[in-house]
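Notes follow once the structure below has been shown.
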Amino acid sequence: MLLVNSKNSELKNIVILATGGTIAGTGESGKTTNYEAGNLDIKSLIDSVSNINEIANVYSEQIVNVDSNDITINHWLTLANRINEISKQNDVDGFVITHGTDTLEETAYFLDLTVKTNKPVIVTGAMRPSTATSADGPLNLYQSVALAANDLSKGQGCMVVFADGIYSARNVQKVNTFKTNAFNSIDLGCLGYMRDNIPYFLNKSIKPHTVDSEFDILGLNKLPQVSIAYFNIDADPSIIDYLAKKSDGIVIAGAGCGTFSSDWLKEIRKLEPRGIPVVRSSRTGSGIILNDTAIDKSANCIPGNTLSPSKARILLSLALTKTVDYSKIRKIFEVY
Ligand code: ASP
């Protein structure tokens with residue numbers, strides 16, 4: 001991508017990589033329900049933000065245009081490789097990724113661990129389609145471009161901008177099914193606020209990311225398969241063996257502190273000699289899971305720390321690109 005003929009040499013050059021979602025959705029005029037995600041192309045989205053050219057020179061690429069439930073690992077690899085490639089250009093200052101909200105936090109965390117640049121990478125979306133009354137996409141896009149163009153954002157890892165909030169990719173979660181303020185980091189807090197185009201940073205993530213992450217996807221065309229098993233009262237223990245046959249690792253969305261029944265534990269123990277790590281995370285949505293001497297005495301049982309099940313799945317998959325050693329994977333979950 002050549003950014004020749006920059007429109008305004010005083011402004012930063014921001015590349016928007018678009019993937020679809022509700023931000024690019026269209027439906028019945030004024031309505032917020034029953035619309036189709038991933039319909040508008042990125043050029044039309046940019047045109048809907050009248051003052052975007054006052055805060056940055058924006059360049060765009062449509063990577064894909066889908067509902068984010070249809071995002072795949074191939075899209076992740078394409079996005080991360082594209083960012084890694086374009087970020088080498090001196091005339092590129094930052095990135096914005098537009099994405100559906102349903103799986104936005106997963107893509108953001110994957111990028112946080114796999115892009116190799118200090119340049120800002122901001123992920124955003126919208127809860128209302130572009131055709132709704134008070135669509136939230138244009139302001140989220142405007143603020144994301146502003147954040148990507150701000151020097152304070154350098155070296156902060158991948159961030160999510162949503163409804164005036166700035167969140168770290170590692171800690172952010174979708175916490176509401178329909179409200180515009182649908183993202184939050186619960187106990188772990190936001191990184192700061194956006195007011196119009198100005199960021200106000202309050203916190204910083206201390207976890208390794210981007211250039212400090214040990215994970216490198218260059219040359220990979222797939223990732224180790226990790227499946228999530230959701231525990232509930234009377235949950236069928238045979239699901240563990242079923243998933244193990246198809247997976248290189250398993251994440252448990254456990255009750256409370258990442259726990260499950262004694263029947264599940266028996267099945268999980270059987271996976272230890274089979275070389276299948278089982279990371280314990282929680283279905284509660286917040287809190288920390290540390291070593292439990294009773295459960296984690298099997299080397300393959302690994303506490304998931306503060307990662308949600310879907311984030312633990314990403315970290316386990318990337319960990320498995322480097323090692324199958326249980327104790328090394330355990331360390332990775334302590335550090336990241
Ligand atoms: N189903 C949509 C998506 O994730 C929801 C959204 O973007 O808000 O693509």
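Every chain in the structure tokens takes a letter, A first, then B, and so on in the order presented; its residues are numbered from 1, and the ligands are numbered from 1 following the presented order.
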Contacts to ligand 1 at 6 Å cut-off (only C-alpha atoms and all ligand atoms) as a short mmCIF file (atom, residue, chain, number, x, y, z; two decimals) with N, CA, C and O atoms, in the first residue's frame:
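File written: selection-v2.cif
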data_model
loop_
_atom_site.label_atom_id
_atom_site.label_comp_id
_atom_site.auth_asym_id
_atom_site.auth_seq_id
_atom_site.Cartn_x
_atom_site.Cartn_y
_atom_site.Cartn_z
N GLY A 21 -19.58 -6.62 10.19
CA GLY A 21 -20.26 -6.42 11.47
C GLY A 21 -21.42 -5.45 11.36
O GLY A 21 -21.76 -4.97 10.27
N THR A 22 -22.02 -5.17 12.50
CA THR A 22 -23.18 -4.27 12.55
C THR A 22 -22.80 -2.86 12.13
O THR A 22 -23.63 -2.13 11.58
N ALA A 37 -25.87 -7.67 9.07
CA ALA A 37 -24.51 -7.17 9.34
C ALA A 37 -23.65 -7.34 8.08
O ALA A 37 -23.94 -8.19 7.23
N ASP A 67 -20.67 -10.93 9.11
CA ASP A 67 -21.06 -10.94 10.51
C ASP A 67 -19.89 -11.55 11.28
O ASP A 67 -19.28 -12.52 10.82
N SER A 68 -19.56 -11.00 12.44
CA SER A 68 -18.32 -11.47 13.09
C SER A 68 -18.42 -12.90 13.62
O SER A 68 -17.41 -13.49 13.98
N ASN A 69 -19.62 -13.48 13.63
CA ASN A 69 -19.72 -14.90 13.97
C ASN A 69 -19.11 -15.77 12.86
O ASN A 69 -18.85 -16.96 13.09
N GLY A 100 -17.47 -6.83 13.70
CA GLY A 100 -18.71 -7.11 14.43
C GLY A 100 -18.42 -7.25 15.91
O GLY A 100 -17.33 -7.67 16.32
N THR A 101 -19.42 -6.91 16.73
CA THR A 101 -19.16 -6.87 18.17
C THR A 101 -19.20 -8.24 18.84
O THR A 101 -18.64 -8.42 19.92
N ASP A 102 -19.88 -9.21 18.21
CA ASP A 102 -20.08 -10.49 18.90
C ASP A 102 -18.77 -11.19 19.24
O ASP A 102 -18.67 -11.84 20.29
N THR A 103 -17.80 -11.07 18.36
CA THR A 103 -16.52 -11.75 18.61
C THR A 103 -15.35 -10.76 18.59
O THR A 103 -14.18 -11.17 18.49
N ALA A 126 -19.99 -1.45 16.18
CA ALA A 126 -21.19 -0.71 16.56
C ALA A 126 -22.26 -1.68 17.00
O ALA A 126 -22.25 -2.85 16.58
N MET A 127 -23.14 -1.23 17.84
CA MET A 127 -24.26 -2.06 18.28
C MET A 127 -25.51 -1.81 17.42
O MET A 127 -26.43 -2.61 17.41
#
- Compile the contact shell of region 143-145 of chain A as an NGL selection string: residues with an atom at most 7 Å away, counting only C-alpha atoms, same-chain residues fewer than 2 positions apart removed. :A and (14 or 96 or 122 or 124 or 139-141 or 147-149 or 161 or 194 or 196-197)
- From the set A:Ser227, A:Gln89, A:Ser213, A:Asn57, which residue has the shortest atom-to-atom contact distance to Ile240 (chain A), counting only C-alpha atoms?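 Of all the options, A:Ser227 lies closest to Ile240 (chain A).
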- Task: Would you work out the distance separating CA of Asn84 (chain A) from CA of Lys7 (chain A), expressed in Å to one decimal?
- Result: 24.0 Å
- Message: What's around region 50-55 of chain A at 8 Å? Count only C-alpha atoms, leave out sequence neighbours fewer than 3 positions away in its own chain, and write the answer as a list in words.
- Response: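 Those residues are Leu11, Lys12, Ile46, Asp47, Val58, Tyr142, Val145, Ala146, Ala149 and Asn197 of chain A.
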For those residues, write C-alpha atoms to a file as a PDB file, in the first residue's frame.
ATOM      1  CA  LEU A  11      -2.059  14.808   9.785  1.00  0.00           C
ATOM      2  CA  LYS A  12      -1.199  11.198  10.651  1.00  0.00           C
ATOM      3  CA  ILE A  46     -15.845   6.479   6.121  1.00  0.00           C
ATOM      4  CA  ASP A  47     -18.074   8.822   4.076  1.00  0.00           C
ATOM      5  CA  VAL A  58      -7.472   7.670   6.225  1.00  0.00           C
ATOM      6  CA  TYR A 142     -14.231   8.690  14.444  1.00  0.00           C
ATOM      7  CA  VAL A 145      -9.202   6.971  14.103  1.00  0.00           C
ATOM      8  CA  ALA A 146      -8.479   9.805  16.547  1.00  0.00           C
ATOM      9  CA  ALA A 149      -3.561   9.046  15.330  1.00  0.00           C
ATOM     10  CA  ASN A 197     -11.300  13.106  19.434  1.00  0.00           C
TER      11      ASN A 197
END
- Task: List every residue of region 4-134 of chain A that DSSP, applied to the backbone of this structure, places in strand (DSSP E), and write the result as JSON, numbers by chain.
- Result: {"A": [13, 14, 15, 16, 17, 18, 19, 20, 57, 58, 59, 60, 61, 62, 63, 64, 65, 66, 94, 95, 96, 97, 98, 121, 122, 123, 124]}
Atoms to include: N, CA and C atoms. Write the selected residues as a compact mmCIF listing (two decimals), in the first residue's frame.
# COMPACT_ATOMS: atom_id res chain seq x y z
N ASN A 13 -1.26 9.33 9.11
CA ASN A 13 -1.85 8.42 8.12
C ASN A 13 -2.35 7.16 8.82
N ILE A 14 -3.64 6.95 8.77
CA ILE A 14 -4.24 5.81 9.47
C ILE A 14 -4.87 4.86 8.45
N VAL A 15 -4.55 3.58 8.60
CA VAL A 15 -5.09 2.55 7.70
C VAL A 15 -6.25 1.85 8.40
N ILE A 16 -7.40 1.85 7.74
CA ILE A 16 -8.57 1.14 8.29
C ILE A 16 -8.71 -0.19 7.55
N LEU A 17 -8.71 -1.28 8.32
CA LEU A 17 -8.93 -2.61 7.75
C LEU A 17 -10.33 -3.05 8.18
N ALA A 18 -11.20 -3.26 7.21
CA ALA A 18 -12.62 -3.50 7.53
C ALA A 18 -12.97 -4.97 7.41
N THR A 19 -13.77 -5.44 8.36
CA THR A 19 -14.17 -6.86 8.31
C THR A 19 -15.68 -7.07 8.34
N GLY A 20 -16.47 -5.99 8.45
CA GLY A 20 -17.94 -6.15 8.46
C GLY A 20 -18.53 -5.89 9.82
N ASN A 57 -5.42 11.42 7.82
CA ASN A 57 -5.58 10.96 6.44
C ASN A 57 -5.93 9.48 6.54
N VAL A 58 -7.10 9.08 6.07
CA VAL A 58 -7.47 7.67 6.22
C VAL A 58 -7.38 6.92 4.89
N TYR A 59 -6.89 5.70 4.98
CA TYR A 59 -6.75 4.79 3.84
C TYR A 59 -7.43 3.51 4.26
N SER A 60 -8.09 2.84 3.33
CA SER A 60 -8.86 1.68 3.78
C SER A 60 -8.68 0.47 2.88
N GLU A 61 -8.90 -0.69 3.50
CA GLU A 61 -8.91 -1.96 2.76
C GLU A 61 -10.04 -2.80 3.32
N GLN A 62 -10.79 -3.40 2.44
CA GLN A 62 -11.86 -4.30 2.87
C GLN A 62 -11.25 -5.71 2.93
N ILE A 63 -11.03 -6.23 4.13
CA ILE A 63 -10.44 -7.57 4.26
C ILE A 63 -11.51 -8.62 3.97
N VAL A 64 -12.71 -8.36 4.54
CA VAL A 64 -13.85 -9.26 4.36
C VAL A 64 -15.06 -8.44 4.81
N ASN A 65 -16.27 -8.88 4.49
CA ASN A 65 -17.44 -8.12 4.95
C ASN A 65 -18.48 -9.10 5.47
N VAL A 66 -18.30 -9.52 6.74
CA VAL A 66 -19.15 -10.59 7.29
C VAL A 66 -19.64 -10.23 8.69
N GLY A 94 -0.80 4.30 12.11
CA GLY A 94 -1.65 3.50 12.99
C GLY A 94 -2.75 2.79 12.21
N PHE A 95 -3.47 1.94 12.94
CA PHE A 95 -4.49 1.08 12.30
C PHE A 95 -5.80 1.13 13.07
N VAL A 96 -6.89 1.03 12.31
CA VAL A 96 -8.21 0.81 12.91
C VAL A 96 -8.81 -0.41 12.23
N ILE A 97 -9.36 -1.31 13.03
CA ILE A 97 -10.03 -2.49 12.48
C ILE A 97 -11.52 -2.33 12.79
N THR A 98 -12.36 -2.38 11.77
CA THR A 98 -13.81 -2.40 12.03
C THR A 98 -14.26 -3.85 12.04
N VAL A 121 -3.04 -0.03 17.25
CA VAL A 121 -4.02 -0.88 16.55
C VAL A 121 -5.31 -0.80 17.37
N ILE A 122 -6.35 -0.20 16.79
CA ILE A 122 -7.59 0.04 17.51
C ILE A 122 -8.71 -0.77 16.84
N VAL A 123 -9.46 -1.51 17.63
CA VAL A 123 -10.57 -2.29 17.08
C VAL A 123 -11.87 -1.65 17.55
N THR A 124 -12.82 -1.52 16.62
CA THR A 124 -14.10 -0.93 16.99
C THR A 124 -15.22 -1.56 16.19
Within 10 Å of region 293-313 of chain A: each region 18-122 of chain A residue with its shortest pair, only C-alpha atoms, as a tab-separated table:
residue	atom	partner	partner_atom	distance
A:Thr103	CA	A:Ser310	CA	9.2
A:Glu105	CA	A:Lys311	CA	8.0
A:Glu106	CA	A:Lys311	CA	6.2
A:Thr107	CA	A:Lys311	CA	9.4
A:Ala108	CA	A:Lys311	CA	9.8
A:Tyr109	CA	A:Lys311	CA	6.9
A:Phe110	CA	A:Lys311	CA	8.3
Selected residues written out, N, CA and C atoms, as a PDB file, in the first residue's frame:
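Below is the file that was written, part32.pdb:
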ATOM      1  N   THR A 103     -17.798 -11.072  18.364  1.00  0.00           N
ATOM      2  CA  THR A 103     -16.516 -11.748  18.607  1.00  0.00           C
ATOM      3  C   THR A 103     -15.349 -10.760  18.590  1.00  0.00           C
ATOM      4  N   GLU A 105     -13.847  -8.992  20.811  1.00  0.00           N
ATOM      5  CA  GLU A 105     -12.795  -9.117  21.836  1.00  0.00           C
ATOM      6  C   GLU A 105     -11.817 -10.241  21.509  1.00  0.00           C
ATOM      7  N   GLU A 106     -12.283 -11.250  20.775  1.00  0.00           N
ATOM      8  CA  GLU A 106     -11.392 -12.364  20.421  1.00  0.00           C
ATOM      9  C   GLU A 106     -10.375 -11.917  19.367  1.00  0.00           C
ATOM     10  N   THR A 107     -10.862 -11.255  18.323  1.00  0.00           N
ATOM     11  CA  THR A 107      -9.940 -10.771  17.287  1.00  0.00           C
ATOM     12  C   THR A 107      -8.955  -9.770  17.882  1.00  0.00           C
ATOM     13  N   ALA A 108      -9.466  -8.884  18.748  1.00  0.00           N
ATOM     14  CA  ALA A 108      -8.589  -7.866  19.344  1.00  0.00           C
ATOM     15  C   ALA A 108      -7.470  -8.537  20.141  1.00  0.00           C
ATOM     16  N   TYR A 109      -7.815  -9.565  20.929  1.00  0.00           N
ATOM     17  CA  TYR A 109      -6.779 -10.216  21.747  1.00  0.00           C
ATOM     18  C   TYR A 109      -5.791 -10.994  20.869  1.00  0.00           C
ATOM     19  N   PHE A 110      -6.303 -11.623  19.821  1.00  0.00           N
ATOM     20  CA  PHE A 110      -5.391 -12.323  18.915  1.00  0.00           C
ATOM     21  C   PHE A 110      -4.378 -11.336  18.319  1.00  0.00           C
TER      22      PHE A 110
END
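Minimum distance to Gln156 (chain A) across A:Ile198, A:Asp212, A:Thr180, A:Leu188 (counting only C-alpha atoms) occurs at A:Asp212.
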- Item | Backbone-only DSSP, helix (DSSP H, G or I) members of region 5-206 of chain A, as a PyMOL selection string | chain A and resi 22-24+42-47+52-54+68-70+73-86+104-114+137-148+151-153+186-188
- Task: Show which residues sit within 10 Å of Ala244 (chain A), as a PyMOL selection string. Count only C-alpha atoms, and ignore same-chain residues fewer than 2 positions away.
- Result: chain A and resi 225-227+238-242+246-250+267-268+271+274-278
- What gap, in Å, lies between CA of Ile329 (chain A) and CA of Ile314 (chain A)?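 So the answer is 12.6 Å.
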